[in-house]
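Since the structure comes first, as structure tokens, the remarks are kept for the end.
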Protein chains: 2
Amino acid sequence: MLIEGKNYQSIWPDETDNTIIRVIDQQKLPFSLEIKELRSVEDVWTAIKEMTIRGAPLIGAAGAFGMYLATLEITHHTGIQDHISNAARYLISSRPTAVNLSWAVNNVREKLDGINDPDLLSSTALKTALGICETEKENCRKIGEHGLKIIEAKSKEKNGQPVNILTHCNAGWLACIDYGTVTAPVYLAVQKGIPVHIWVDETRPRNQGARLTAWELGQNSVPYTLITDNAGGYLMQKESVDLVFVGCDRATSKGDVANKIGTYLKALSAFDNNIPFFSVMPSTSIDFSISDGLSEIVIEERDQDEVITVSGYADGEIRSVRICPENAKAGNWGFDITPARLITGFITEKGICKATEEDIKRLFSDKFK
Amino acid sequence: MLIEGKNYQSIWPDETDNTIIRVIDQQKLPFSLEIKELRSVEDVWTAIKEMTIRGAPLIGAAGAFGMYLATLEITHHTGIQDHISNAARYLISSRPTAVNLSWAVNNVREKLDGINDPDLLSSTALKTALGICETEKENCRKIGEHGLKIIEAKSKEKNGQPVNILTHCNAGWLACIDYGTVTAPVYLAVQKGIPVHIWVDETRPRNQGARLTAWELGQNSVPYTLITDNAGGYLMQKESVDLVFVGCDRATSKGDVANKIGTYLKALSAFDNNIPFFSVMPSTSIDFSISDGLSEIVIEERDQDEVITVSGYADGEIRSVRICPENAKAGNWGFDITPARLITGFITEKGICKATEEDIKRLFSDKFK
């Protein structure tokens with residue numbers, strides 16, 4: 001998608017030296033656009049852990065490129081497969097909640113099974129990582145086409161009045177390779193001239209909504225209004241929200257969704273006000289091996305400093321301010337679970353389904369054994 | 001309550017010159033303790049509008065003292081009652097949602113009806129304002145005693161394990177004259193040695209939870225953990241919340257509650273997880289003239305800068321940082337409506353009642369005509 005009128009992906013190998021993987025430093029957005037180099041497995045692990053990059057599809061792709069970088073770190077032939085396995089385990093440990101990450105890393109890992117030639121290992125890993133990127137992009141494009149139908153229908157229902165879509169966190173192209181998940185239908189709607197307006201939850205503690213979603217929508221000329229995480233319920237009460245589109249960190253086979261903390265509260269409110277609530281995701285975000293979100297998904301606990309401080313822009317630089325008493329203790333959980341009963345449906349690259357085991361089975365019959 | 005071991009009220013006339021009203025500047029907390037002087041009606045209006053002081057009972061008291069200051073601004077005898085009426089209207093305009101403010105201002109106004117002697121006007125107004133303060137304090141103490149029973153019962157049910165209470169915004173002693181509403185039962189529980197732990201919602205956009213509730217609980221040795229506004233739902237899902245206590249800006253005769261934006265989302269979540277949800281208030285916060293919160297309560301829209309920026313402490317001073325793109329547009333509503341159906345009950349100075357017209361009528365039969 002566009003940044004200052006120029007097309008970008010969120011991750012790509014350097015054009016002249018493909019041993020360097022480039023990513024947009026999302027920690028610096030929207031205050032400055034900085035491209036970061038990932039040159040090692042360690043760089044990838046750190047970029048995921050410190051959220052230089054985030055978003056399920058993007059960290060999946062980064063994990064795949066991390067496996068490629070791992071093949072470049074092989075210094076002798078003994079223990080090649082151990083080296084690869086260790087790299088895979090290490091990369092996955094950077095974000096345990098994310099099913100895409102382990103999926104992508106293991107995907108590359110399997111392709112490398114039994115290969116002992118370092119050059120072939122590297123070329124296979126790179127090809128697989130690039131393939132994952134292409135698949136993710138294509139999936140987002142398809143997600144966009146399926147989700148567009150929902151926006152179009154609502155637009156008709158409203159006689160062309162702007163369709164107000166609330167979203168939480170960033171499930172935009174920055175979180176993916178391109179297009180985004182939640183944003184893909186939105187970008188396609190704008191391209192088709194369908195009037196939309198996005199309510200952007202700021203998404204404390206890290207403010208991915210205020211920082212990333214607001215920025216990418218602005219760069220791509222999508223009308224939006226930034227709101228606090230507290231405001232969505234009121235806007236729904238006042239009939240100012242037509243649709244809720246949120247991303248998905250991990251979904252279960254029965255339709256529960258782990259997504260950025262606070263998603264559950266918006267789902268409750270959408271349900272209470274009879275507003276369609278969709279989780280938008282590539283099918284790689286569905287973990288068909290689990291069925292109950294609350295008991296089976298481990299929720300990451302993060303550093304309390306993310307709650308205690310807020311980072312923003314002042315006097316020409318990115319600064320952190322403490323928002324509470326000096327000795328305050330804070331709790332910081334990354335995700336919550338939205339139970340299937342509150343979700344109208346999933347928008348995936350394969351189409352739209354209800355958040356029920358039956359309908360997920362219909363769409364993904366090949367994934368159920 | 002205590003600040004650095006010393007007892008304070010949130011508003012009081014200066015001990016040597018009672019034409020000066022003193023308040024704690026809540027804009028500076030928790031970073032520095034500053035006492036501000038209110039010397040005119042204009043000062044009171046500004047202090048309420050700019051949230052130097054906030055909280056329904058406190059701004060009611062401030063409005064009453066504002067009427068007293070108005071009597072000191074009378075320069076000639078003609079038009080005394082007009083002057084008083086204009087001051088009342090002006091003071092009420094500083095926070096139109098707050099029923100306590102208009103109640104307190106009109107209470108003083110009525111006492112001044114027909115009085116033309118400036119000294120008598122002033123002494124009557126001051127006496128009335130001080131009386132309102134004493135009544136509010138006494139009401140908070142009674143609220144504390146009623147609410148304490150709920151905490152005690154939960155403590156027994158949990159065999160003395162800490163009772164986890166989630167609260168939103170600040171309905172503490174800073175919002176009142178002393179004790180607080182939500183905090184009164186908590187302070188009494190701590191004094192009785194009942195183990196409690198408070199989950200403090202930070203309460204964007206102005207972070208009254210992170211700044212004020214965290215601070216006053218800490219100053220009074222109440223264990224607490226600061227959380228984002230997004231986290232409460234997850235904590236309820238994980239059975240880490242036993243009770244929800246929130247304040248009330250304005251309640252209706254049928255039990256709807258207007259309170260700080262985001263309250264509705266916590267009520268939905270408490271309801272979904274079968275957790276008792278109480279709105280804690282002096283009965284002056286109940287507007288017996290209205291019955292439907294959503295259609296009858298005007299929700300204040302505030303400056304978008306409160307959303308676009310976050311204020312906190314860095315490098316020895318209070319600073320503001322911008323958290324979104326430079327040209328972002330934001331929406332900022334002060335309150336939302338929690339419908340009666342989601343509320344377990346009201347804790348008032350008169351006792352506890354269900355959030356139903358019948359039960360409110362039982363407790364406040366004198367208010368229904």
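To be explicit about the labels: the chains of the structure tokens are called A, B, and onward in the order shown, and within each one the residues are counted from 1, while ligands get numbers from 1 in the order they are shown.
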
Moved coordinates, chain B onto chain A, all Cα atoms, as a tab-separated table (two decimals) with C-alpha atoms, in the first residue's frame:
chain	number	residue	atom	x	y	z
B	1	MET	CA	0.00	-0.02	0.02
B	2	LEU	CA	0.97	3.64	-0.20
B	3	ILE	CA	3.37	5.62	1.94
B	4	GLU	CA	3.69	9.16	0.73
B	5	GLY	CA	2.34	8.00	-2.62
B	6	LYS	CA	4.86	5.19	-3.06
B	7	ASN	CA	4.07	1.46	-2.89
B	8	TYR	CA	5.54	-0.61	-0.07
B	9	GLN	CA	5.38	-4.05	1.50
B	10	SER	CA	5.92	-4.45	5.22
B	11	ILE	CA	8.85	-6.90	4.73
B	12	TRP	CA	11.15	-7.58	1.80
B	13	PRO	CA	14.68	-8.80	1.00
B	14	ASP	CA	17.02	-6.00	0.01
B	15	GLU	CA	17.07	-5.71	-3.79
B	16	THR	CA	20.84	-5.83	-4.16
B	17	ASP	CA	21.84	-7.94	-1.15
B	18	ASN	CA	19.19	-10.54	-0.34
B	19	THR	CA	20.97	-11.64	2.83
B	20	ILE	CA	19.46	-8.52	4.35
B	21	ILE	CA	15.75	-8.51	5.15
B	22	ARG	CA	14.15	-5.08	5.40
B	23	VAL	CA	11.16	-4.11	7.51
B	24	ILE	CA	9.41	-0.87	8.41
B	25	ASP	CA	10.16	-0.02	12.04
B	26	GLN	CA	6.64	0.14	13.44
B	27	GLN	CA	7.93	1.47	16.76
B	28	LYS	CA	8.82	4.72	15.01
B	29	LEU	CA	5.52	5.16	13.19
B	30	PRO	CA	3.68	7.47	12.72
B	31	PHE	CA	6.36	9.90	13.84
B	32	SER	CA	9.07	8.85	11.41
B	33	LEU	CA	9.44	6.33	8.62
B	34	GLU	CA	12.49	4.17	9.28
B	35	ILE	CA	13.50	1.00	7.50
B	36	LYS	CA	15.31	-1.54	9.65
B	37	GLU	CA	17.69	-4.31	8.52
B	38	LEU	CA	17.38	-7.85	9.82
B	39	ARG	CA	20.67	-9.70	9.31
B	40	SER	CA	20.40	-12.60	11.75
B	41	VAL	CA	18.02	-14.94	13.55
B	42	GLU	CA	18.69	-12.85	16.64
B	43	ASP	CA	17.63	-9.68	14.77
B	44	VAL	CA	14.35	-11.33	13.76
B	45	TRP	CA	13.68	-12.58	17.30
B	46	THR	CA	14.34	-9.12	18.72
B	47	ALA	CA	12.25	-7.37	16.06
B	48	ILE	CA	9.28	-9.58	16.94
B	49	LYS	CA	9.82	-9.46	20.72
B	50	GLU	CA	10.24	-5.68	20.81
B	51	MET	CA	7.45	-5.16	18.33
B	52	THR	CA	9.51	-3.44	15.68
B	53	ILE	CA	7.25	-5.65	13.60
B	54	ARG	CA	3.90	-7.01	14.76
B	55	GLY	CA	0.73	-8.46	13.26
B	56	ALA	CA	0.10	-12.17	12.83
B	57	PRO	CA	0.81	-12.54	9.07
B	58	LEU	CA	3.86	-10.25	9.18
B	59	ILE	CA	5.52	-12.02	12.07
B	60	GLY	CA	4.79	-15.31	10.32
B	61	ALA	CA	6.63	-14.05	7.26
B	62	ALA	CA	9.39	-12.65	9.46
B	63	GLY	CA	9.75	-16.04	11.13
B	64	ALA	CA	10.10	-17.64	7.68
B	65	PHE	CA	12.78	-15.14	6.70
B	66	GLY	CA	14.34	-15.81	10.11
B	67	MET	CA	14.68	-19.47	9.10
B	68	TYR	CA	16.34	-18.33	5.87
B	69	LEU	CA	18.78	-16.20	7.90
B	70	ALA	CA	19.39	-19.25	10.09
B	71	THR	CA	20.61	-21.15	7.03
B	72	LEU	CA	23.15	-18.37	6.42
B	73	GLU	CA	24.48	-18.83	9.96
B	74	ILE	CA	25.56	-22.44	9.42
B	75	THR	CA	29.33	-22.56	9.77
B	76	HIS	CA	30.04	-26.31	9.41
B	77	HIS	CA	28.16	-29.33	8.19
B	78	THR	CA	27.84	-31.24	11.45
B	79	GLY	CA	24.62	-30.54	13.32
B	80	ILE	CA	22.90	-28.69	10.46
B	81	GLN	CA	19.48	-30.09	11.29
B	82	ASP	CA	19.99	-29.37	14.99
B	83	HIS	CA	20.94	-25.82	14.12
B	84	ILE	CA	17.76	-25.47	12.02
B	85	SER	CA	15.59	-26.99	14.74
B	86	ASN	CA	17.06	-24.75	17.42
B	87	ALA	CA	16.51	-21.68	15.25
B	88	ALA	CA	12.88	-22.71	14.71
B	89	ARG	CA	12.26	-23.16	18.43
B	90	TYR	CA	13.99	-19.89	19.22
B	91	LEU	CA	12.06	-17.91	16.62
B	92	ILE	CA	8.72	-19.32	17.79
B	93	SER	CA	9.54	-18.33	21.39
B	94	SER	CA	9.45	-14.65	20.45
B	95	ARG	CA	5.62	-14.63	20.37
B	96	PRO	CA	4.10	-17.80	21.78
B	97	THR	CA	0.43	-16.76	21.23
B	98	ALA	CA	0.82	-16.37	17.47
B	99	VAL	CA	-0.12	-19.45	15.50
B	100	ASN	CA	1.05	-17.90	12.20
B	101	LEU	CA	4.57	-17.65	13.51
B	102	SER	CA	4.90	-21.31	14.41
B	103	TRP	CA	3.05	-22.26	11.24
B	104	ALA	CA	5.43	-20.29	8.99
B	105	VAL	CA	8.58	-21.30	10.83
B	106	ASN	CA	7.61	-24.96	10.76
B	107	ASN	CA	6.64	-24.68	7.12
B	108	VAL	CA	10.20	-23.61	6.25
B	109	ARG	CA	11.65	-26.11	8.70
B	110	GLU	CA	9.88	-29.02	7.00
B	111	LYS	CA	11.14	-27.92	3.57
B	112	LEU	CA	14.69	-28.04	4.92
B	113	ASP	CA	14.35	-31.56	6.33
B	114	GLY	CA	17.10	-33.81	5.04
B	115	ILE	CA	18.91	-31.09	3.08
B	116	ASN	CA	22.58	-30.81	3.98
B	117	ASP	CA	23.95	-28.53	1.28
B	118	PRO	CA	24.15	-24.99	2.71
B	119	ASP	CA	23.41	-23.28	-0.60
B	120	LEU	CA	20.41	-25.47	-1.24
B	121	LEU	CA	19.21	-24.91	2.34
B	122	SER	CA	19.39	-21.15	1.86
B	123	SER	CA	17.77	-21.05	-1.54
B	124	THR	CA	15.00	-23.38	-0.35
B	125	ALA	CA	14.37	-21.31	2.76
B	126	LEU	CA	14.36	-18.02	0.85
B	127	LYS	CA	12.05	-19.40	-1.80
B	128	THR	CA	9.69	-20.71	0.87
B	129	ALA	CA	9.70	-17.40	2.76
B	130	LEU	CA	9.01	-15.45	-0.43
B	131	GLY	CA	6.27	-17.92	-1.28
B	132	ILE	CA	4.69	-17.36	2.13
B	133	CYS	CA	4.74	-13.61	1.48
B	134	GLU	CA	3.07	-14.04	-1.90
B	135	THR	CA	0.45	-16.36	-0.43
B	136	GLU	CA	-0.27	-13.92	2.41
B	137	LYS	CA	-0.65	-11.04	-0.05
B	138	GLU	CA	-2.93	-13.07	-2.25
B	139	ASN	CA	-4.92	-14.18	0.81
B	140	CYS	CA	-5.34	-10.58	1.94
B	141	ARG	CA	-6.53	-9.61	-1.52
B	142	LYS	CA	-9.10	-12.42	-1.42
B	143	ILE	CA	-10.12	-11.45	2.11
B	144	GLY	CA	-10.67	-7.97	0.75
B	145	GLU	CA	-12.95	-9.23	-2.00
B	146	HIS	CA	-15.05	-11.31	0.41
B	147	GLY	CA	-15.26	-8.54	3.01
B	148	LEU	CA	-16.10	-5.97	0.37
B	149	LYS	CA	-19.45	-7.70	-0.16
B	150	ILE	CA	-20.39	-7.00	3.46
B	151	ILE	CA	-19.50	-3.32	3.12
B	152	GLU	CA	-21.32	-3.08	-0.21
B	153	ALA	CA	-24.47	-4.61	1.27
B	154	LYS	CA	-24.36	-2.21	4.23
B	155	SER	CA	-23.75	0.72	1.90
B	156	LYS	CA	-26.86	-0.21	-0.08
B	157	GLU	CA	-28.87	-0.60	3.11
B	158	LYS	CA	-27.75	2.93	4.08
B	159	ASN	CA	-28.53	4.35	0.62
B	160	GLY	CA	-24.92	5.26	0.03
B	161	GLN	CA	-24.39	7.04	3.37
B	162	PRO	CA	-20.87	6.32	4.67
B	163	VAL	CA	-20.51	2.89	6.25
B	164	ASN	CA	-19.03	3.35	9.74
B	165	ILE	CA	-16.67	0.54	10.62
B	166	LEU	CA	-15.08	0.27	14.05
B	167	THR	CA	-11.73	-1.47	14.37
B	168	HIS	CA	-9.38	-2.28	17.21
B	169	CYS	CA	-5.59	-2.43	17.12
B	170	ASN	CA	-3.93	-2.68	13.71
B	171	ALA	CA	-4.98	-5.42	11.34
B	172	GLY	CA	-3.86	-3.30	8.43
B	173	TRP	CA	-1.31	-3.82	5.71
B	174	LEU	CA	1.43	-3.04	8.20
B	175	ALA	CA	0.40	-6.16	10.14
B	176	CYS	CA	0.41	-8.22	6.96
B	177	ILE	CA	2.60	-8.09	3.91
B	178	ASP	CA	0.22	-5.90	1.93
B	179	TYR	CA	-3.51	-4.90	1.88
B	180	GLY	CA	-4.05	-6.04	5.48
B	181	THR	CA	-6.86	-8.19	6.76
B	182	VAL	CA	-9.39	-5.78	8.32
B	183	THR	CA	-8.25	-3.02	5.99
B	184	ALA	CA	-8.32	-5.05	2.76
B	185	PRO	CA	-12.11	-4.76	2.30
B	186	VAL	CA	-11.87	-1.12	3.35
B	187	TYR	CA	-9.20	-0.29	0.79
B	188	LEU	CA	-11.16	-2.11	-1.90
B	189	ALA	CA	-14.33	-0.23	-0.92
B	190	VAL	CA	-12.51	3.10	-1.18
B	191	GLN	CA	-11.09	2.09	-4.56
B	192	LYS	CA	-14.64	1.30	-5.71
B	193	GLY	CA	-15.87	4.69	-4.51
B	194	ILE	CA	-18.03	3.29	-1.68
B	195	PRO	CA	-18.09	5.86	1.13
B	196	VAL	CA	-16.68	4.47	4.38
B	197	HIS	CA	-15.54	5.96	7.63
B	198	ILE	CA	-13.41	4.13	10.19
B	199	TRP	CA	-13.58	4.50	13.96
B	200	VAL	CA	-10.03	3.73	15.08
B	201	ASP	CA	-9.63	2.47	18.69
B	202	GLU	CA	-6.35	3.82	20.01
B	203	THR	CA	-5.59	0.38	21.54
B	204	ARG	CA	-3.75	0.85	24.77
B	205	PRO	CA	-1.23	0.01	25.99
B	206	ARG	CA	0.80	0.22	22.79
B	207	ASN	CA	-1.61	2.38	20.81
B	208	GLN	CA	-1.34	0.44	17.56
B	209	GLY	CA	-4.64	1.97	16.47
B	210	ALA	CA	-3.59	5.56	17.13
B	211	ARG	CA	-0.10	5.03	15.74
B	212	LEU	CA	-0.43	2.52	12.92
B	213	THR	CA	-4.04	2.18	11.79
B	214	ALA	CA	-4.61	5.94	11.81
B	215	TRP	CA	-1.38	6.43	9.91
B	216	GLU	CA	-1.93	3.82	7.22
B	217	LEU	CA	-5.55	4.87	6.66
B	218	GLY	CA	-4.43	8.48	6.33
B	219	GLN	CA	-1.64	7.55	3.89
B	220	ASN	CA	-4.21	5.72	1.77
B	221	SER	CA	-6.90	8.45	1.91
B	222	VAL	CA	-9.42	6.55	4.02
B	223	PRO	CA	-11.55	8.84	6.26
B	224	TYR	CA	-11.17	7.91	9.92
B	225	THR	CA	-11.68	9.25	13.44
B	226	LEU	CA	-9.45	8.26	16.32
B	227	ILE	CA	-11.26	7.30	19.54
B	228	THR	CA	-10.27	5.98	22.95
B	229	ASP	CA	-10.81	2.31	23.68
B	230	ASN	CA	-13.59	3.41	26.03
B	231	ALA	CA	-15.66	5.16	23.36
B	232	GLY	CA	-16.80	2.33	21.07
B	233	GLY	CA	-19.66	1.25	23.32
B	234	TYR	CA	-21.15	4.72	23.37
B	235	LEU	CA	-20.83	5.06	19.58
B	236	MET	CA	-22.65	1.76	19.19
B	237	GLN	CA	-25.38	2.89	21.60
B	238	LYS	CA	-25.79	6.00	19.45
B	239	GLU	CA	-26.03	3.94	16.23
B	240	SER	CA	-22.83	5.47	14.87
B	241	VAL	CA	-21.25	2.09	14.14
B	242	ASP	CA	-22.51	-0.10	11.28
B	243	LEU	CA	-19.93	-2.87	11.36
B	244	VAL	CA	-17.08	-4.02	13.59
B	245	PHE	CA	-14.06	-5.56	11.87
B	246	VAL	CA	-11.23	-6.84	14.05
B	247	GLY	CA	-8.20	-8.97	13.35
B	248	CYS	CA	-7.33	-12.31	14.85
B	249	ASP	CA	-4.22	-13.49	16.57
B	250	ARG	CA	-5.52	-17.04	16.87
B	251	ALA	CA	-8.92	-18.62	16.34
B	252	THR	CA	-10.18	-22.02	17.46
B	253	SER	CA	-11.98	-24.67	15.45
B	254	LYS	CA	-15.20	-23.71	17.25
B	255	GLY	CA	-14.94	-20.01	16.47
B	256	ASP	CA	-13.38	-18.39	19.56
B	257	VAL	CA	-10.94	-15.62	18.72
B	258	ALA	CA	-7.88	-14.44	20.63
B	259	ASN	CA	-7.15	-10.90	19.55
B	260	LYS	CA	-5.65	-7.75	21.02
B	261	ILE	CA	-6.83	-7.11	24.56
B	262	GLY	CA	-10.08	-5.14	24.53
B	263	THR	CA	-11.55	-6.93	21.52
B	264	TYR	CA	-13.89	-8.91	23.79
B	265	LEU	CA	-15.37	-5.67	25.18
B	266	LYS	CA	-16.17	-4.42	21.68
B	267	ALA	CA	-17.71	-7.75	20.78
B	268	LEU	CA	-19.97	-7.59	23.84
B	269	SER	CA	-21.04	-4.11	22.89
B	270	ALA	CA	-21.65	-4.98	19.24
B	271	PHE	CA	-23.72	-7.97	20.34
B	272	ASP	CA	-25.71	-5.83	22.79
B	273	ASN	CA	-26.47	-3.32	20.03
B	274	ASN	CA	-27.12	-5.85	17.29
B	275	ILE	CA	-24.16	-4.71	15.18
B	276	PRO	CA	-22.41	-7.29	12.97
B	277	PHE	CA	-19.01	-8.19	14.41
B	278	PHE	CA	-16.52	-9.88	12.09
B	279	SER	CA	-13.09	-11.27	12.78
B	280	VAL	CA	-11.00	-10.95	9.65
B	281	MET	CA	-8.11	-13.36	9.14
B	282	PRO	CA	-6.15	-15.57	6.81
B	283	SER	CA	-6.98	-19.19	7.56
B	284	THR	CA	-3.45	-19.63	8.87
B	285	SER	CA	-4.70	-17.82	12.00
B	286	ILE	CA	-7.13	-20.64	12.72
B	287	ASP	CA	-5.66	-23.27	15.01
B	288	PHE	CA	-7.68	-26.34	14.09
B	289	SER	CA	-6.05	-28.29	16.92
B	290	ILE	CA	-7.85	-26.34	19.66
B	291	SER	CA	-11.52	-25.71	20.27
B	292	ASP	CA	-11.84	-23.64	23.46
B	293	GLY	CA	-10.20	-20.22	23.48
B	294	LEU	CA	-10.36	-19.47	27.19
B	295	SER	CA	-8.84	-22.71	28.41
B	296	GLU	CA	-6.50	-23.52	25.53
B	297	ILE	CA	-4.93	-20.23	24.43
B	298	VAL	CA	-2.04	-18.99	26.55
B	299	ILE	CA	-2.27	-15.22	26.93
B	300	GLU	CA	1.06	-13.43	26.88
B	301	GLU	CA	1.84	-11.22	29.88
B	302	ARG	CA	3.98	-8.29	28.94
B	303	ASP	CA	6.12	-5.73	30.77
B	304	GLN	CA	4.20	-3.42	33.10
B	305	ASP	CA	6.13	-0.44	31.72
B	306	GLU	CA	3.90	-0.52	28.62
B	307	VAL	CA	0.96	0.40	30.87
B	308	ILE	CA	2.82	2.75	33.21
B	309	THR	CA	4.18	4.86	30.36
B	310	VAL	CA	2.83	6.18	27.08
B	311	SER	CA	5.08	6.86	24.17
B	312	GLY	CA	4.39	9.69	21.74
B	313	TYR	CA	5.87	12.66	19.98
B	314	ALA	CA	6.93	15.95	21.53
B	315	ASP	CA	9.57	18.55	20.77
B	316	GLY	CA	10.77	16.78	17.65
B	317	GLU	CA	11.34	13.36	19.17
B	318	ILE	CA	9.62	10.20	20.39
B	319	ARG	CA	9.33	10.40	24.16
B	320	SER	CA	7.84	8.38	26.96
B	321	VAL	CA	5.81	9.88	29.78
B	322	ARG	CA	4.78	8.17	33.00
B	323	ILE	CA	1.02	8.44	33.51
B	324	CYS	CA	0.68	7.22	37.11
B	325	PRO	CA	2.34	7.45	40.53
B	326	GLU	CA	6.02	6.62	40.53
B	327	ASN	CA	5.69	3.38	42.47
B	328	ALA	CA	2.53	2.11	40.73
B	329	LYS	CA	2.30	-1.57	39.83
B	330	ALA	CA	0.53	-2.49	36.60
B	331	GLY	CA	-0.79	-5.62	34.89
B	332	ASN	CA	-0.38	-6.09	31.15
B	333	TRP	CA	-1.99	-8.89	29.16
B	334	GLY	CA	-1.64	-8.90	25.39
B	335	PHE	CA	-4.89	-10.53	24.31
B	336	ASP	CA	-8.34	-11.52	25.37
B	337	ILE	CA	-10.72	-14.17	24.10
B	338	THR	CA	-13.86	-13.30	22.22
B	339	PRO	CA	-16.20	-16.27	22.51
B	340	ALA	CA	-17.71	-17.53	19.26
B	341	ARG	CA	-21.24	-16.72	20.47
B	342	LEU	CA	-20.48	-12.97	20.13
B	343	ILE	CA	-18.99	-13.21	16.64
B	344	THR	CA	-21.15	-12.80	13.53
B	345	GLY	CA	-18.58	-14.41	11.30
B	346	PHE	CA	-15.06	-14.91	10.04
B	347	ILE	CA	-13.93	-13.22	6.85
B	348	THR	CA	-11.16	-15.38	5.38
B	349	GLU	CA	-9.44	-15.85	2.02
B	350	LYS	CA	-11.69	-18.85	1.45
B	351	GLY	CA	-14.86	-16.86	2.03
B	352	ILE	CA	-17.10	-15.92	4.91
B	353	CYS	CA	-18.32	-18.33	7.54
B	354	LYS	CA	-20.19	-18.15	10.81
B	355	ALA	CA	-18.11	-18.53	13.97
B	356	THR	CA	-19.43	-22.03	14.52
B	357	GLU	CA	-17.72	-25.40	14.28
B	358	GLU	CA	-20.18	-26.49	11.58
B	359	ASP	CA	-19.62	-23.51	9.34
B	360	ILE	CA	-15.85	-23.42	9.88
B	361	LYS	CA	-15.87	-27.12	8.93
B	362	ARG	CA	-17.83	-26.32	5.78
B	363	LEU	CA	-15.22	-23.77	4.67
B	364	PHE	CA	-12.14	-25.69	5.82
B	365	SER	CA	-13.18	-29.32	5.50
B	366	ASP	CA	-9.60	-30.25	4.54
B	367	LYS	CA	-8.30	-29.07	7.94
B	368	PHE	CA	-10.52	-31.31	10.01
B	369	LYS	CA	-9.39	-34.89	10.31

Those of range 15-126 of chain A in DSSP strand (DSSP E), formatted as number ranges by chain: A: 21-24, 35-38

Please dump the current selection as a JSON list (two decimals), in the first residue's frame; keep N, CA, C and O atoms.
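The new file out.json reads:
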[["chain", "number", "residue", "atom", "x", "y", "z"],
["A", 21, "ILE", "N", 17.20, -8.63, 5.23],
["A", 21, "ILE", "CA", 15.74, -8.51, 5.15],
["A", 21, "ILE", "C", 15.37, -7.13, 5.69],
["A", 21, "ILE", "O", 15.88, -6.71, 6.74],
["A", 22, "ARG", "N", 14.52, -6.44, 4.97],
["A", 22, "ARG", "CA", 14.15, -5.09, 5.39],
["A", 22, "ARG", "C", 12.70, -5.04, 5.89],
["A", 22, "ARG", "O", 11.83, -5.70, 5.32],
["A", 23, "VAL", "N", 12.50, -4.30, 6.96],
["A", 23, "VAL", "CA", 11.15, -4.10, 7.50],
["A", 23, "VAL", "C", 10.97, -2.63, 7.87],
["A", 23, "VAL", "O", 11.96, -1.91, 8.10],
["A", 24, "ILE", "N", 9.72, -2.21, 7.92],
["A", 24, "ILE", "CA", 9.41, -0.87, 8.39],
["A", 24, "ILE", "C", 9.39, -0.92, 9.92],
["A", 24, "ILE", "O", 8.75, -1.78, 10.51],
["A", 35, "ILE", "N", 13.40, 2.37, 7.97],
["A", 35, "ILE", "CA", 13.50, 0.99, 7.48],
["A", 35, "ILE", "C", 14.63, 0.32, 8.26],
["A", 35, "ILE", "O", 15.73, 0.86, 8.39],
["A", 36, "LYS", "N", 14.31, -0.85, 8.83],
["A", 36, "LYS", "CA", 15.29, -1.55, 9.65],
["A", 36, "LYS", "C", 15.81, -2.79, 8.91],
["A", 36, "LYS", "O", 15.07, -3.43, 8.17],
["A", 37, "GLU", "N", 17.09, -3.12, 9.14],
["A", 37, "GLU", "CA", 17.68, -4.30, 8.52],
["A", 37, "GLU", "C", 17.68, -5.46, 9.50],
["A", 37, "GLU", "O", 18.06, -5.30, 10.66],
["A", 38, "LEU", "N", 17.25, -6.63, 9.03],
["A", 38, "LEU", "CA", 17.36, -7.84, 9.84],
["A", 38, "LEU", "C", 18.43, -8.71, 9.18],
["A", 38, "LEU", "O", 18.27, -9.13, 8.03]]

As a CSV table (one decimal) with N, CA and C atoms, in the first residue's frame, please: all residues of range 170-213 of chain B that backbone DSSP puts in alpha helix (DSSP H).
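New file selection-v9.csv:
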chain,number,residue,atom,x,y,z
B,183,THR,N,-14.6,4.4,46.7
B,183,THR,CA,-13.5,4.1,47.6
B,183,THR,C,-14.0,4.0,49.1
B,184,ALA,N,-15.1,4.6,49.5
B,184,ALA,CA,-15.5,4.6,50.9
B,184,ALA,C,-15.6,3.2,51.4
B,185,PRO,N,-16.3,2.3,50.8
B,185,PRO,CA,-16.4,0.9,51.3
B,185,PRO,C,-15.0,0.3,51.3
B,186,VAL,N,-14.2,0.6,50.4
B,186,VAL,CA,-12.8,0.1,50.3
B,186,VAL,C,-12.0,0.5,51.5
B,187,TYR,N,-12.0,1.8,51.7
B,187,TYR,CA,-11.2,2.3,52.8
B,187,TYR,C,-11.7,1.7,54.2
B,188,LEU,N,-13.0,1.6,54.3
B,188,LEU,CA,-13.5,1.0,55.5
B,188,LEU,C,-13.1,-0.5,55.6
B,189,ALA,N,-13.1,-1.2,54.5
B,189,ALA,CA,-12.7,-2.6,54.5
B,189,ALA,C,-11.2,-2.7,55.0
B,190,VAL,N,-10.4,-1.8,54.4
B,190,VAL,CA,-9.0,-1.8,54.8
B,190,VAL,C,-8.8,-1.5,56.3
B,191,GLN,N,-9.6,-0.5,56.8
B,191,GLN,CA,-9.5,-0.2,58.2
B,191,GLN,C,-9.9,-1.4,59.1
B,208,GLN,N,-7.9,9.4,34.7
B,208,GLN,CA,-8.2,9.7,36.1
B,208,GLN,C,-7.9,8.5,37.0
